[in-house]
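Step one of this worksheet: look at the structure below.
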Amino acid sequence: MTDARRRRLRHDLRTPLTIVSGFAEVLAGDRTISDADRREYASRIHAAAIEIGELVDQLLEEGPDPWARLRGQTPRRD
């Protein structure tokens with residue numbers, strides 16, 4: 001895997017992980033949160049977890065370039 005692909009993968013995985021971490025921290029904290037906000041935060045955590053799962057699946061299925069299929073390209077093998 002090239003350095004550029006590694007950087008992109010790192011970014012694409014860390015972005016939803018940051019969302020999960022941030023909203024989980026709010027939910028676990030001592031703040032008073034409305035039920036509506038709690039549901040919204042849980043929904044965002046769920047969506048980010050799905051995104052991470054899809055990225056991991058694509059990485060494992062597509063090989064070196066997990067985004068090739070999303071760009072409509074045939075994956076390139078390094």
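The way I read the labels, and the way they are meant: chains A, B, ... in the order of the structure tokens, residue 1 as the first residue of every chain, and ligand 1 as the first ligand shown, with later ones counted on from there.
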
Problem set entry | Selection near Ile52 in chain A, 9 Å with only C-alpha atoms, sequence-local residues under 2 positions removed, as an NGL selection string | :A and (12-14 or 16-17 or 47-50 or 54-57)

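Picture a line from CA of Leu60 in chain A to CA of Thr2 in chain A; it runs 16.0 Å.
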
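For the set A:Ala42, A:Asp3, A:Asp37, A:Thr32, the residue with the smallest atom-to-atom gap to Ile19 in chain A is A:Ala42, counting only C-alpha atoms.
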
For this session: Mind giving me the straight-line distance from CA of His11 in chain A to CA of Leu27 in chain A in Å, one decimal?
Result: 24.3 Å

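Each of A:His46, A:Arg5, A:Tyr41, A:Arg10 was checked against Val26 in chain A using only C-alpha atoms; the smallest atom-to-atom distance is that of A:Tyr41.
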
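Picture a line from CA of Arg7 in chain A to CA of Gly53 in chain A; it runs 18.2 Å.
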